[in-house]
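Q: Got a structure here, written out as structure tokens. Questions coming.
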Amino acid sequence: MNLTLRVWRQAGTDDQGRFETYDAHDISEDSSFLEMLDVVNERLVAKGEEPIEFSHDCREGICGTCGVMINGQAHGPQRGTATCQLHMRQFADGDEIVVEPWRASGFPIIKDLVVDRSAFDRIIEAGGYISVETGSAPDANLVPVRKDAADLAMDAAACIGCGACVAACPNGAAQLFTAAKLAHLNLLPQGEPERDARTEAMVEVMEEYFGSCTNMAECEAACPKEISIDFIALMNRDYRRGKFHNRRTA
Ligand code: SF4
Ligand code: FES
């Protein structure tokens, strides 16, 4: 395939940034989007030019590190697919492809396509854990868990923290990420003791960094793990419950 790339280049957070055009010729349609960028970068390095910075780690849709806007869509045109799992056969020979970093004030650009997603870490630090005494692990079936709750918690735990939901949202909201992280703990008996405190703390940290949800559902459409916006409804319910219970506890 022969393609033209228009790639966002930005030297650092304070740089204004600009689009640069690159010729990406002789690209295999079986290569992934990141492998295509690897080929372009190898050619740039061979010419003595600076390669395009982009984030990646597992390249298996697991770690959540990758993620760019491709022709204006978070993770590109294939639904339920992270950038590293997107293949070039999704594009046509001769296409022009616009590649940009996530655009959200909660994710400042570090360089080129790399953004700082540490605001997600702040949300997790506020309550994305359960507190347990150390000791030997109990038998897995000692704590009964309802099948429907286990299935829902598992669906929520599929969130890889990529940030596509924020990038796709016109408000730059992080409700889907936060809701998924809350649900996979709040739905299980192990997460119940800290449910109220966790929900209040994580939602309030989220609101420090990100915009508000207006039910556009762009997040669900962009999510590579197809996390349902129903989890946002669960989060809102738990937040109201937490506000009431936490006040009574105080
Ligand atoms: S909810 Fe989906 S889009 Fe958002 S961070 Fe998790 S996996 Fe990525
Ligand atoms: S590189 Fe790990 S999810 Fe894409």
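By convention in this document, the chains of the structure tokens carry letters A, B, ... by their order, each chain's residues are numbered from 1, and ligands are numbered from 1 in the order they are shown.
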Once DSSP has gone over the backbone, tell me which residues of stretch 52-217 of chain A are in strand (DSSP E), as number ranges by chain.

A: A: 69-70, 73-74, 96-100, 109-111, 114-115

Q: For A:Glu100, find every residue with an atom within 12 Å (counting only C-alpha atoms), except residues of its own chain fewer than 5 positions away, and show them as a PDB file with all heavy atoms, in the first residue's frame.

A:
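Final output, saved to selection08.pdb:
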```
ATOM      1  N   LEU A   5       0.722  10.219   5.083  1.00  0.00           N
ATOM      2  CA  LEU A   5       0.391  10.480   6.490  1.00  0.00           C
ATOM      3  C   LEU A   5       0.517  11.961   6.775  1.00  0.00           C
ATOM      4  O   LEU A   5       1.479  12.601   6.349  1.00  0.00           O
ATOM      5  CB  LEU A   5       1.359   9.741   7.429  1.00  0.00           C
ATOM      6  CG  LEU A   5       1.454   8.224   7.348  1.00  0.00           C
ATOM      7  CD1 LEU A   5       2.369   7.726   8.471  1.00  0.00           C
ATOM      8  CD2 LEU A   5       0.089   7.577   7.460  1.00  0.00           C
ATOM      9  N   ARG A   6      -0.463  12.475   7.485  1.00  0.00           N
ATOM     10  CA  ARG A   6      -0.338  13.831   8.047  1.00  0.00           C
ATOM     11  C   ARG A   6      -0.283  13.650   9.555  1.00  0.00           C
ATOM     12  O   ARG A   6      -1.280  13.257  10.178  1.00  0.00           O
ATOM     13  CB  ARG A   6      -1.507  14.720   7.614  1.00  0.00           C
ATOM     14  CG  ARG A   6      -1.347  15.160   6.154  1.00  0.00           C
ATOM     15  CD  ARG A   6      -2.473  15.991   5.624  1.00  0.00           C
ATOM     16  NE  ARG A   6      -2.892  17.085   6.486  1.00  0.00           N
ATOM     17  CZ  ARG A   6      -2.239  18.236   6.661  1.00  0.00           C
ATOM     18  NH1 ARG A   6      -1.087  18.432   6.046  1.00  0.00           N
ATOM     19  NH2 ARG A   6      -2.723  19.179   7.432  1.00  0.00           N
ATOM     20  N   VAL A   7       0.903  13.858  10.109  1.00  0.00           N
ATOM     21  CA  VAL A   7       1.152  13.501  11.509  1.00  0.00           C
ATOM     22  C   VAL A   7       1.401  14.757  12.337  1.00  0.00           C
ATOM     23  O   VAL A   7       2.146  15.656  11.919  1.00  0.00           O
ATOM     24  CB  VAL A   7       2.382  12.557  11.621  1.00  0.00           C
ATOM     25  CG1 VAL A   7       2.626  12.133  13.068  1.00  0.00           C
ATOM     26  CG2 VAL A   7       2.199  11.336  10.744  1.00  0.00           C
ATOM     27  N   TRP A   8       0.796  14.799  13.535  1.00  0.00           N
ATOM     28  CA  TRP A   8       1.018  15.920  14.442  1.00  0.00           C
ATOM     29  C   TRP A   8       2.406  15.803  15.072  1.00  0.00           C
ATOM     30  O   TRP A   8       2.733  14.793  15.687  1.00  0.00           O
ATOM     31  CB  TRP A   8      -0.040  15.929  15.550  1.00  0.00           C
ATOM     32  CG  TRP A   8       0.053  17.146  16.426  1.00  0.00           C
ATOM     33  CD1 TRP A   8       0.604  17.216  17.679  1.00  0.00           C
ATOM     34  CD2 TRP A   8      -0.397  18.466  16.110  1.00  0.00           C
ATOM     35  NE1 TRP A   8       0.516  18.495  18.161  1.00  0.00           N
ATOM     36  CE2 TRP A   8      -0.094  19.284  17.220  1.00  0.00           C
ATOM     37  CE3 TRP A   8      -1.022  19.025  14.991  1.00  0.00           C
ATOM     38  CZ2 TRP A   8      -0.399  20.643  17.247  1.00  0.00           C
ATOM     39  CZ3 TRP A   8      -1.325  20.377  15.013  1.00  0.00           C
ATOM     40  CH2 TRP A   8      -1.022  21.169  16.134  1.00  0.00           C
ATOM     41  N   ARG A   9       3.234  16.823  14.853  1.00  0.00           N
ATOM     42  CA  ARG A   9       4.559  16.860  15.472  1.00  0.00           C
ATOM     43  C   ARG A   9       4.595  18.022  16.455  1.00  0.00           C
ATOM     44  O   ARG A   9       4.208  19.147  16.113  1.00  0.00           O
ATOM     45  CB  ARG A   9       5.673  17.050  14.419  1.00  0.00           C
ATOM     46  CG  ARG A   9       5.731  16.044  13.304  1.00  0.00           C
ATOM     47  CD  ARG A   9       5.945  14.606  13.756  1.00  0.00           C
ATOM     48  NE  ARG A   9       7.062  14.374  14.653  1.00  0.00           N
ATOM     49  CZ  ARG A   9       8.252  13.894  14.288  1.00  0.00           C
ATOM     50  NH1 ARG A   9       8.489  13.637  13.009  1.00  0.00           N
ATOM     51  NH2 ARG A   9       9.197  13.667  15.183  1.00  0.00           N
ATOM     52  N   GLN A  10       5.041  17.754  17.651  1.00  0.00           N
ATOM     53  CA  GLN A  10       5.101  18.782  18.693  1.00  0.00           C
ATOM     54  C   GLN A  10       6.308  18.475  19.571  1.00  0.00           C
ATOM     55  O   GLN A  10       6.387  17.387  20.170  1.00  0.00           O
ATOM     56  CB  GLN A  10       3.786  18.765  19.505  1.00  0.00           C
ATOM     57  CG  GLN A  10       3.695  19.871  20.531  1.00  0.00           C
ATOM     58  CD  GLN A  10       2.295  19.994  21.143  1.00  0.00           C
ATOM     59  OE1 GLN A  10       1.291  19.658  20.519  1.00  0.00           O
ATOM     60  NE2 GLN A  10       2.239  20.473  22.376  1.00  0.00           N
ATOM     61  N   GLY A  17       3.195  23.130  17.962  1.00  0.00           N
ATOM     62  CA  GLY A  17       2.881  21.941  17.177  1.00  0.00           C
ATOM     63  C   GLY A  17       2.410  22.262  15.773  1.00  0.00           C
ATOM     64  O   GLY A  17       1.980  23.379  15.484  1.00  0.00           O
ATOM     65  N   ARG A  18       2.496  21.245  14.886  1.00  0.00           N
ATOM     66  CA  ARG A  18       2.094  21.437  13.495  1.00  0.00           C
ATOM     67  C   ARG A  18       1.948  20.063  12.850  1.00  0.00           C
ATOM     68  O   ARG A  18       2.465  19.072  13.368  1.00  0.00           O
ATOM     69  CB  ARG A  18       3.164  22.247  12.740  1.00  0.00           C
ATOM     70  CG  ARG A  18       4.402  21.432  12.435  1.00  0.00           C
ATOM     71  CD  ARG A  18       5.720  22.154  12.595  1.00  0.00           C
ATOM     72  NE  ARG A  18       6.804  21.166  12.522  1.00  0.00           N
ATOM     73  CZ  ARG A  18       7.298  20.541  13.582  1.00  0.00           C
ATOM     74  NH1 ARG A  18       6.836  20.765  14.792  1.00  0.00           N
ATOM     75  NH2 ARG A  18       8.280  19.668  13.432  1.00  0.00           N
ATOM     76  N   PHE A  19       1.240  20.022  11.716  1.00  0.00           N
ATOM     77  CA  PHE A  19       1.161  18.778  10.956  1.00  0.00           C
ATOM     78  C   PHE A  19       2.341  18.692  10.004  1.00  0.00           C
ATOM     79  O   PHE A  19       2.711  19.690   9.380  1.00  0.00           O
ATOM     80  CB  PHE A  19      -0.147  18.709  10.162  1.00  0.00           C
ATOM     81  CG  PHE A  19      -1.332  18.303  11.000  1.00  0.00           C
ATOM     82  CD1 PHE A  19      -2.282  19.238  11.377  1.00  0.00           C
ATOM     83  CD2 PHE A  19      -1.496  16.984  11.407  1.00  0.00           C
ATOM     84  CE1 PHE A  19      -3.382  18.866  12.153  1.00  0.00           C
ATOM     85  CE2 PHE A  19      -2.585  16.602  12.186  1.00  0.00           C
ATOM     86  CZ  PHE A  19      -3.525  17.544  12.556  1.00  0.00           C
ATOM     87  N   GLU A  20       2.910  17.495   9.894  1.00  0.00           N
ATOM     88  CA  GLU A  20       3.942  17.222   8.887  1.00  0.00           C
ATOM     89  C   GLU A  20       3.416  16.112   7.986  1.00  0.00           C
ATOM     90  O   GLU A  20       2.698  15.209   8.447  1.00  0.00           O
ATOM     91  CB  GLU A  20       5.240  16.733   9.547  1.00  0.00           C
ATOM     92  CG  GLU A  20       5.958  17.771  10.393  1.00  0.00           C
ATOM     93  CD  GLU A  20       6.762  18.778   9.572  1.00  0.00           C
ATOM     94  OE1 GLU A  20       6.917  18.545   8.358  1.00  0.00           O
ATOM     95  OE2 GLU A  20       7.216  19.778  10.153  1.00  0.00           O
ATOM     96  N   ILE A  52       8.923   9.834  14.794  1.00  0.00           N
ATOM     97  CA  ILE A  52       7.653  10.244  15.410  1.00  0.00           C
ATOM     98  C   ILE A  52       7.527   9.514  16.748  1.00  0.00           C
ATOM     99  O   ILE A  52       7.597   8.290  16.810  1.00  0.00           O
ATOM    100  CB  ILE A  52       6.457   9.863  14.497  1.00  0.00           C
ATOM    101  CG1 ILE A  52       6.601  10.513  13.118  1.00  0.00           C
ATOM    102  CG2 ILE A  52       5.137  10.207  15.159  1.00  0.00           C
ATOM    103  CD1 ILE A  52       5.814   9.804  12.018  1.00  0.00           C
ATOM    104  N   GLU A  53       7.329  10.287  17.818  1.00  0.00           N
ATOM    105  CA  GLU A  53       7.167   9.662  19.141  1.00  0.00           C
ATOM    106  C   GLU A  53       5.725   9.184  19.285  1.00  0.00           C
ATOM    107  O   GLU A  53       4.781   9.943  19.051  1.00  0.00           O
ATOM    108  CB  GLU A  53       7.461  10.683  20.246  1.00  0.00           C
ATOM    109  CG  GLU A  53       8.891  11.158  20.291  1.00  0.00           C
ATOM    110  CD  GLU A  53       9.803  10.269  21.118  1.00  0.00           C
ATOM    111  OE1 GLU A  53       9.297   9.400  21.846  1.00  0.00           O
ATOM    112  OE2 GLU A  53      11.022  10.463  21.011  1.00  0.00           O
ATOM    113  N   PHE A  54       5.585   7.931  19.687  1.00  0.00           N
ATOM    114  CA  PHE A  54       4.246   7.427  20.036  1.00  0.00           C
ATOM    115  C   PHE A  54       4.398   6.400  21.161  1.00  0.00           C
ATOM    116  O   PHE A  54       5.447   5.792  21.321  1.00  0.00           O
ATOM    117  CB  PHE A  54       3.531   6.830  18.816  1.00  0.00           C
ATOM    118  CG  PHE A  54       4.202   5.638  18.178  1.00  0.00           C
ATOM    119  CD1 PHE A  54       3.855   4.347  18.553  1.00  0.00           C
ATOM    120  CD2 PHE A  54       5.177   5.813  17.195  1.00  0.00           C
ATOM    121  CE1 PHE A  54       4.477   3.256  17.970  1.00  0.00           C
ATOM    122  CE2 PHE A  54       5.797   4.716  16.598  1.00  0.00           C
ATOM    123  CZ  PHE A  54       5.448   3.427  16.984  1.00  0.00           C
ATOM    124  N   GLY A  67      -2.622   4.520  21.532  1.00  0.00           N
ATOM    125  CA  GLY A  67      -3.868   5.247  21.320  1.00  0.00           C
ATOM    126  C   GLY A  67      -3.605   6.587  20.697  1.00  0.00           C
ATOM    127  O   GLY A  67      -2.931   7.440  21.290  1.00  0.00           O
ATOM    128  N   VAL A  68      -4.097   6.755  19.477  1.00  0.00           N
ATOM    129  CA  VAL A  68      -3.984   8.029  18.776  1.00  0.00           C
ATOM    130  C   VAL A  68      -5.304   8.281  18.057  1.00  0.00           C
ATOM    131  O   VAL A  68      -6.108   7.361  17.845  1.00  0.00           O
ATOM    132  CB  VAL A  68      -2.812   8.021  17.766  1.00  0.00           C
ATOM    133  CG1 VAL A  68      -1.473   8.021  18.492  1.00  0.00           C
ATOM    134  CG2 VAL A  68      -2.893   6.855  16.791  1.00  0.00           C
ATOM    135  N   MET A  69      -5.509   9.534  17.678  1.00  0.00           N
ATOM    136  CA  MET A  69      -6.660   9.866  16.843  1.00  0.00           C
ATOM    137  C   MET A  69      -6.269   9.569  15.395  1.00  0.00           C
ATOM    138  O   MET A  69      -5.233  10.064  14.911  1.00  0.00           O
ATOM    139  CB  MET A  69      -7.023  11.353  16.966  1.00  0.00           C
ATOM    140  CG  MET A  69      -7.417  11.803  18.356  1.00  0.00           C
ATOM    141  SD  MET A  69      -8.852  10.982  19.045  1.00  0.00           S
ATOM    142  CE  MET A  69     -10.171  11.745  18.136  1.00  0.00           C
ATOM    143  N   ILE A  70      -7.059   8.772  14.729  1.00  0.00           N
ATOM    144  CA  ILE A  70      -6.790   8.415  13.332  1.00  0.00           C
ATOM    145  C   ILE A  70      -7.966   8.914  12.501  1.00  0.00           C
ATOM    146  O   ILE A  70      -9.104   8.458  12.704  1.00  0.00           O
ATOM    147  CB  ILE A  70      -6.603   6.889  13.191  1.00  0.00           C
ATOM    148  CG1 ILE A  70      -5.435   6.417  14.075  1.00  0.00           C
ATOM    149  CG2 ILE A  70      -6.377   6.505  11.732  1.00  0.00           C
ATOM    150  CD1 ILE A  70      -5.356   4.914  14.250  1.00  0.00           C
ATOM    151  N   ASN A  71      -7.692   9.855  11.630  1.00  0.00           N
ATOM    152  CA  ASN A  71      -8.774  10.498  10.859  1.00  0.00           C
ATOM    153  C   ASN A  71      -9.903  10.961  11.779  1.00  0.00           C
ATOM    154  O   ASN A  71     -11.097  10.757  11.484  1.00  0.00           O
ATOM    155  CB  ASN A  71      -9.303   9.561   9.767  1.00  0.00           C
ATOM    156  CG  ASN A  71      -8.282   9.370   8.654  1.00  0.00           C
ATOM    157  OD1 ASN A  71      -7.363  10.180   8.491  1.00  0.00           O
ATOM    158  ND2 ASN A  71      -8.408   8.287   7.910  1.00  0.00           N
ATOM    159  N   GLY A  72      -9.523  11.516  12.918  1.00  0.00           N
ATOM    160  CA  GLY A  72     -10.513  12.090  13.837  1.00  0.00           C
ATOM    161  C   GLY A  72     -11.209  11.097  14.736  1.00  0.00           C
ATOM    162  O   GLY A  72     -12.064  11.489  15.528  1.00  0.00           O
ATOM    163  N   GLN A  73     -10.867   9.814  14.620  1.00  0.00           N
ATOM    164  CA  GLN A  73     -11.512   8.805  15.472  1.00  0.00           C
ATOM    165  C   GLN A  73     -10.491   8.240  16.449  1.00  0.00           C
ATOM    166  O   GLN A  73      -9.384   7.851  16.032  1.00  0.00           O
ATOM    167  CB  GLN A  73     -12.055   7.646  14.629  1.00  0.00           C
ATOM    168  CG  GLN A  73     -13.351   7.948  13.913  1.00  0.00           C
ATOM    169  CD  GLN A  73     -13.845   6.713  13.165  1.00  0.00           C
ATOM    170  OE1 GLN A  73     -13.306   6.365  12.117  1.00  0.00           O
ATOM    171  NE2 GLN A  73     -14.867   6.065  13.690  1.00  0.00           N
ATOM    172  N   ALA A  74     -10.884   8.168  17.721  1.00  0.00           N
ATOM    173  CA  ALA A  74      -9.984   7.583  18.720  1.00  0.00           C
ATOM    174  C   ALA A  74      -9.775   6.105  18.394  1.00  0.00           C
ATOM    175  O   ALA A  74     -10.745   5.360  18.232  1.00  0.00           O
ATOM    176  CB  ALA A  74     -10.593   7.744  20.108  1.00  0.00           C
ATOM    177  N   HIS A  75      -8.541   5.683  18.242  1.00  0.00           N
ATOM    178  CA  HIS A  75      -8.137   4.311  17.879  1.00  0.00           C
ATOM    179  C   HIS A  75      -8.510   3.933  16.441  1.00  0.00           C
ATOM    180  O   HIS A  75      -8.380   2.773  16.052  1.00  0.00           O
ATOM    181  CB  HIS A  75      -8.742   3.261  18.821  1.00  0.00           C
ATOM    182  CG  HIS A  75      -8.144   3.215  20.203  1.00  0.00           C
ATOM    183  ND1 HIS A  75      -6.807   2.990  20.446  1.00  0.00           N
ATOM    184  CD2 HIS A  75      -8.734   3.341  21.425  1.00  0.00           C
ATOM    185  CE1 HIS A  75      -6.600   2.976  21.769  1.00  0.00           C
ATOM    186  NE2 HIS A  75      -7.745   3.198  22.377  1.00  0.00           N
ATOM    187  N   GLY A  76      -9.026   4.889  15.674  1.00  0.00           N
ATOM    188  CA  GLY A  76      -9.260   4.604  14.258  1.00  0.00           C
ATOM    189  C   GLY A  76     -10.628   4.015  13.941  1.00  0.00           C
ATOM    190  O   GLY A  76     -11.521   4.003  14.783  1.00  0.00           O
ATOM    191  N   ILE A 109      -0.086  17.175  26.043  1.00  0.00           N
ATOM    192  CA  ILE A 109       0.818  16.512  25.093  1.00  0.00           C
ATOM    193  C   ILE A 109       2.254  16.625  25.609  1.00  0.00           C
ATOM    194  O   ILE A 109       2.710  17.701  25.993  1.00  0.00           O
ATOM    195  CB  ILE A 109       0.690  17.146  23.694  1.00  0.00           C
ATOM    196  CG1 ILE A 109      -0.719  16.898  23.144  1.00  0.00           C
ATOM    197  CG2 ILE A 109       1.745  16.592  22.733  1.00  0.00           C
ATOM    198  CD1 ILE A 109      -1.036  17.639  21.866  1.00  0.00           C
ATOM    199  N   LYS A 111       4.970  14.906  23.801  1.00  0.00           N
ATOM    200  CA  LYS A 111       5.710  15.056  22.541  1.00  0.00           C
ATOM    201  C   LYS A 111       4.977  14.313  21.423  1.00  0.00           C
ATOM    202  O   LYS A 111       4.524  13.177  21.647  1.00  0.00           O
ATOM    203  CB  LYS A 111       7.138  14.499  22.688  1.00  0.00           C
ATOM    204  CG  LYS A 111       8.036  14.844  21.513  1.00  0.00           C
ATOM    205  CD  LYS A 111       9.469  14.453  21.756  1.00  0.00           C
ATOM    206  CE  LYS A 111      10.277  14.864  20.529  1.00  0.00           C
ATOM    207  NZ  LYS A 111      11.605  14.319  20.516  1.00  0.00           N
ATOM    208  N   ASP A 112       4.855  14.931  20.281  1.00  0.00           N
ATOM    209  CA  ASP A 112       4.218  14.323  19.105  1.00  0.00           C
ATOM    210  C   ASP A 112       2.875  13.665  19.482  1.00  0.00           C
ATOM    211  O   ASP A 112       1.927  14.356  19.771  1.00  0.00           O
ATOM    212  CB  ASP A 112       5.155  13.312  18.420  1.00  0.00           C
ATOM    213  CG  ASP A 112       6.422  13.971  17.881  1.00  0.00           C
ATOM    214  OD1 ASP A 112       6.420  15.199  17.700  1.00  0.00           O
ATOM    215  OD2 ASP A 112       7.409  13.259  17.655  1.00  0.00           O
ATOM    216  N   LEU A 113       2.854  12.318  19.476  1.00  0.00           N
ATOM    217  CA  LEU A 113       1.600  11.599  19.730  1.00  0.00           C
ATOM    218  C   LEU A 113       1.506  11.099  21.178  1.00  0.00           C
ATOM    219  O   LEU A 113       0.568  10.374  21.531  1.00  0.00           O
ATOM    220  CB  LEU A 113       1.488  10.409  18.764  1.00  0.00           C
ATOM    221  CG  LEU A 113       1.642  10.758  17.268  1.00  0.00           C
ATOM    222  CD1 LEU A 113       1.616   9.491  16.417  1.00  0.00           C
ATOM    223  CD2 LEU A 113       0.547  11.725  16.808  1.00  0.00           C
ATOM    224  N   VAL A 114       2.465  11.489  22.001  1.00  0.00           N
ATOM    225  CA  VAL A 114       2.520  10.994  23.384  1.00  0.00           C
ATOM    226  C   VAL A 114       1.866  12.002  24.322  1.00  0.00           C
ATOM    227  O   VAL A 114       2.229  13.180  24.312  1.00  0.00           O
ATOM    228  CB  VAL A 114       3.992  10.769  23.829  1.00  0.00           C
ATOM    229  CG1 VAL A 114       4.056  10.271  25.266  1.00  0.00           C
ATOM    230  CG2 VAL A 114       4.687   9.798  22.889  1.00  0.00           C
ATOM    231  N   VAL A 115       0.899  11.532  25.119  1.00  0.00           N
ATOM    232  CA  VAL A 115       0.244  12.425  26.079  1.00  0.00           C
ATOM    233  C   VAL A 115       0.485  11.928  27.503  1.00  0.00           C
ATOM    234  O   VAL A 115       0.798  10.766  27.733  1.00  0.00           O
ATOM    235  CB  VAL A 115      -1.278  12.540  25.814  1.00  0.00           C
ATOM    236  CG1 VAL A 115      -1.546  13.110  24.430  1.00  0.00           C
ATOM    237  CG2 VAL A 115      -1.994  11.212  26.013  1.00  0.00           C
ATOM    238  N   ALA A 167     -10.742  11.167  25.025  1.00  0.00           N
ATOM    239  CA  ALA A 167     -10.394  11.812  23.754  1.00  0.00           C
ATOM    240  C   ALA A 167     -11.609  11.942  22.837  1.00  0.00           C
ATOM    241  O   ALA A 167     -11.727  12.911  22.086  1.00  0.00           O
ATOM    242  CB  ALA A 167      -9.291  11.018  23.055  1.00  0.00           C
TER     243      ALA A 167
END
```

Q: So which residues are near ligand 2, meaning at most 7 Å away with only C-alpha atoms and all ligand atoms counted, given back as a PyMOL selection string?

A: chain A and resi 56-67+82-85

Q: Residues of chain A within 8 Å of ligand 1: nearest atom pair and distance (Å, one decimal) for each, counting only C-alpha atoms and all ligand atoms, sorted by chain and number, as CSV?

A:
```
residue,atom,partner,partner_atom_place_in_ligand_line,distance
A:Gly64,CA,ligand 1,8 (Fe),6.7
A:Ala158,CA,ligand 1,7 (S),6.8
A:Cys159,CA,ligand 1,6 (Fe),3.7
A:Ile160,CA,ligand 1,7 (S),4.4
A:Gly161,CA,ligand 1,5 (S),3.5
A:Cys162,CA,ligand 1,8 (Fe),3.9
A:Gly163,CA,ligand 1,5 (S),4.1
A:Ala164,CA,ligand 1,3 (S),4.1
A:Cys165,CA,ligand 1,3 (S),4.0
A:Val166,CA,ligand 1,4 (Fe),6.7
A:Ala174,CA,ligand 1,4 (Fe),7.3
A:Leu176,CA,ligand 1,1 (S),4.8
A:Phe177,CA,ligand 1,1 (S),4.0
A:Thr178,CA,ligand 1,1 (S),7.6
A:Ala179,CA,ligand 1,1 (S),7.9
A:Ala180,CA,ligand 1,1 (S),6.2
A:Cys219,CA,ligand 1,3 (S),6.3
A:Glu220,CA,ligand 1,2 (Fe),7.0
A:Ala222,CA,ligand 1,3 (S),6.1
A:Cys223,CA,ligand 1,3 (S),3.6
A:Pro224,CA,ligand 1,7 (S),5.7
A:Lys225,CA,ligand 1,7 (S),5.2
A:Glu226,CA,ligand 1,2 (Fe),6.4
A:Ile227,CA,ligand 1,2 (Fe),5.6
```

Q: With a distance cut-off of 8 Å and only C-alpha atoms, select the neighbouring residues of A:Ala197, excluding the residue or stretch itself and same-chain residues fewer than 5 positions from it, and output the selection as a ChimeraX atom specification.

A: /A:127,242,246

Q: If DSSP is run on the backbone, what residues of stretch 18-118 of chain A are alpha helix (DSSP H)? A reply as an NGL selection string would be ideal.

A: :A and (33-46 or 118)

Q: Considering only C-alpha atoms, return as number ranges by chain whatever protein or nucleic-acid residues lie within 10 Å of stretch 148-151 of chain A, sequence-local ones (same chain, fewer than 2 positions apart) excluded.

A: A: 144-146, 153-157, 183-184, 186-189

Q: Using only C-alpha atoms for the distances, tell me which of A:Met206, A:Asp14, A:Asp139, A:Ala168 is nearest to A:Pro101.

A: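 Nearest candidate to A:Pro101 out of A:Met206, A:Asp14, A:Asp139, A:Ala168: A:Ala168.
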
Q: Using only C-alpha atoms, which of the listed residues (A:Glu204, A:Asp196, A:Asp23, A:Glu50) sits closest to A:Asp95?

A: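 Ranked by minimum distance to A:Asp95, first place goes to A:Asp23.
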
Q: Using Å and a single decimal, report how far atom CA of A:Cys213 sits from atom CA of A:Glu192.

A: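 These two atoms are separated by 25.4 Å.
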
Q: Report, in Å with one decimal, the straight-line distance from atom CA of A:Glu125 to atom CA of A:Gly12.

A: 26.7 Å

Q: What is the atom CA of A:Cys169 to atom CA of A:Arg89 distance in Å?

A: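 If I compute the distance from atom CA of A:Cys169 to atom CA of A:Arg89, I get 26.8 Å.
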
Q: Neighbours of A:Ser212 within 8 Å (only C-alpha atoms; same-chain residues fewer than 4 positions away dropped), as an MDAnalysis selection string?

A: chainID A and resid 171:175 207

Q: Got time to write the residues from that selection, all heavy atoms, as a JSON list (two decimals), in the first residue's frame?

A:
```json
[["chain", "number", "residue", "atom", "x", "y", "z"],
["A", 171, "ASN", "N", -16.76, 16.75, 25.77],
["A", 171, "ASN", "CA", -16.52, 17.46, 27.04],
["A", 171, "ASN", "C", -15.20, 17.06, 27.69],
["A", 171, "ASN", "O", -14.90, 17.54, 28.78],
["A", 171, "ASN", "CB", -17.65, 17.17, 28.03],
["A", 171, "ASN", "CG", -19.02, 17.45, 27.45],
["A", 171, "ASN", "OD1", -19.19, 18.44, 26.75],
["A", 171, "ASN", "ND2", -19.98, 16.58, 27.71],
["A", 172, "GLY", "N", -14.46, 16.15, 27.07],
["A", 172, "GLY", "CA", -13.23, 15.65, 27.69],
["A", 172, "GLY", "C", -13.52, 15.02, 29.05],
["A", 172, "GLY", "O", -12.76, 15.18, 30.00],
["A", 173, "ALA", "N", -14.63, 14.28, 29.14],
["A", 173, "ALA", "CA", -15.03, 13.67, 30.41],
["A", 173, "ALA", "C", -14.43, 12.28, 30.56],
["A", 173, "ALA", "O", -14.22, 11.58, 29.57],
["A", 173, "ALA", "CB", -16.56, 13.59, 30.49],
["A", 174, "ALA", "N", -14.17, 11.90, 31.82],
["A", 174, "ALA", "CA", -13.56, 10.59, 32.09],
["A", 174, "ALA", "C", -14.52, 9.67, 32.83],
["A", 174, "ALA", "O", -14.11, 8.79, 33.56],
["A", 174, "ALA", "CB", -12.27, 10.78, 32.89],
["A", 175, "GLN", "N", -15.82, 9.89, 32.60],
["A", 175, "GLN", "CA", -16.82, 9.10, 33.33],
["A", 175, "GLN", "C", -16.72, 7.60, 33.03],
["A", 175, "GLN", "O", -16.88, 6.78, 33.92],
["A", 175, "GLN", "CB", -18.23, 9.60, 32.97],
["A", 175, "GLN", "CG", -18.90, 10.42, 34.06],
["A", 175, "GLN", "CD", -18.39, 11.84, 34.14],
["A", 175, "GLN", "OE1", -17.54, 12.24, 33.36],
["A", 175, "GLN", "NE2", -18.90, 12.61, 35.08],
["A", 207, "GLU", "N", -13.34, 14.83, 38.77],
["A", 207, "GLU", "CA", -13.89, 16.14, 38.43],
["A", 207, "GLU", "C", -12.83, 17.26, 38.47],
["A", 207, "GLU", "O", -13.01, 18.30, 37.86],
["A", 207, "GLU", "CB", -15.06, 16.47, 39.36],
["A", 207, "GLU", "CG", -16.28, 15.62, 38.96],
["A", 207, "GLU", "CD", -17.48, 15.78, 39.87],
["A", 207, "GLU", "OE1", -17.30, 16.29, 41.00],
["A", 207, "GLU", "OE2", -18.58, 15.39, 39.45]]
```

Q: Just the residues within 9 Å of A:Ile130, please, counting only C-alpha atoms, with nothing from its chain fewer than 3 positions along; format it as number ranges by chain.

A: A: 127, 185, 190-194

Q: Keeping N, CA, C and O atoms, export the residues of the selection given above as a tab-separated table (two decimals), in the first residue's frame.

A:
```
chain	number	residue	atom	x	y	z
A	127	GLY	N	-8.84	5.63	45.19
A	127	GLY	CA	-9.70	4.56	45.70
A	127	GLY	C	-9.77	3.31	44.86
A	127	GLY	O	-10.56	2.41	45.18
A	185	LEU	N	-14.74	-3.09	41.25
A	185	LEU	CA	-14.57	-3.32	42.69
A	185	LEU	C	-15.91	-3.26	43.43
A	185	LEU	O	-16.21	-4.09	44.28
A	190	GLN	N	-15.74	-8.22	47.90
A	190	GLN	CA	-14.44	-7.74	48.41
A	190	GLN	C	-14.34	-6.22	48.34
A	190	GLN	O	-13.59	-5.59	49.08
A	191	GLY	N	-15.11	-5.60	47.43
A	191	GLY	CA	-15.05	-4.15	47.29
A	191	GLY	C	-16.09	-3.42	48.12
A	191	GLY	O	-16.06	-2.19	48.21
A	192	GLU	N	-17.01	-4.17	48.70
A	192	GLU	CA	-18.15	-3.55	49.39
A	192	GLU	C	-17.75	-2.67	50.59
A	192	GLU	O	-18.28	-1.55	50.74
A	193	PRO	N	-16.83	-3.11	51.46
A	193	PRO	CA	-16.55	-2.30	52.67
A	193	PRO	C	-16.12	-0.86	52.34
A	193	PRO	O	-16.43	0.06	53.10
A	194	GLU	N	-15.42	-0.65	51.24
A	194	GLU	CA	-14.92	0.70	50.92
A	194	GLU	C	-15.71	1.35	49.79
A	194	GLU	O	-15.28	2.38	49.25
```
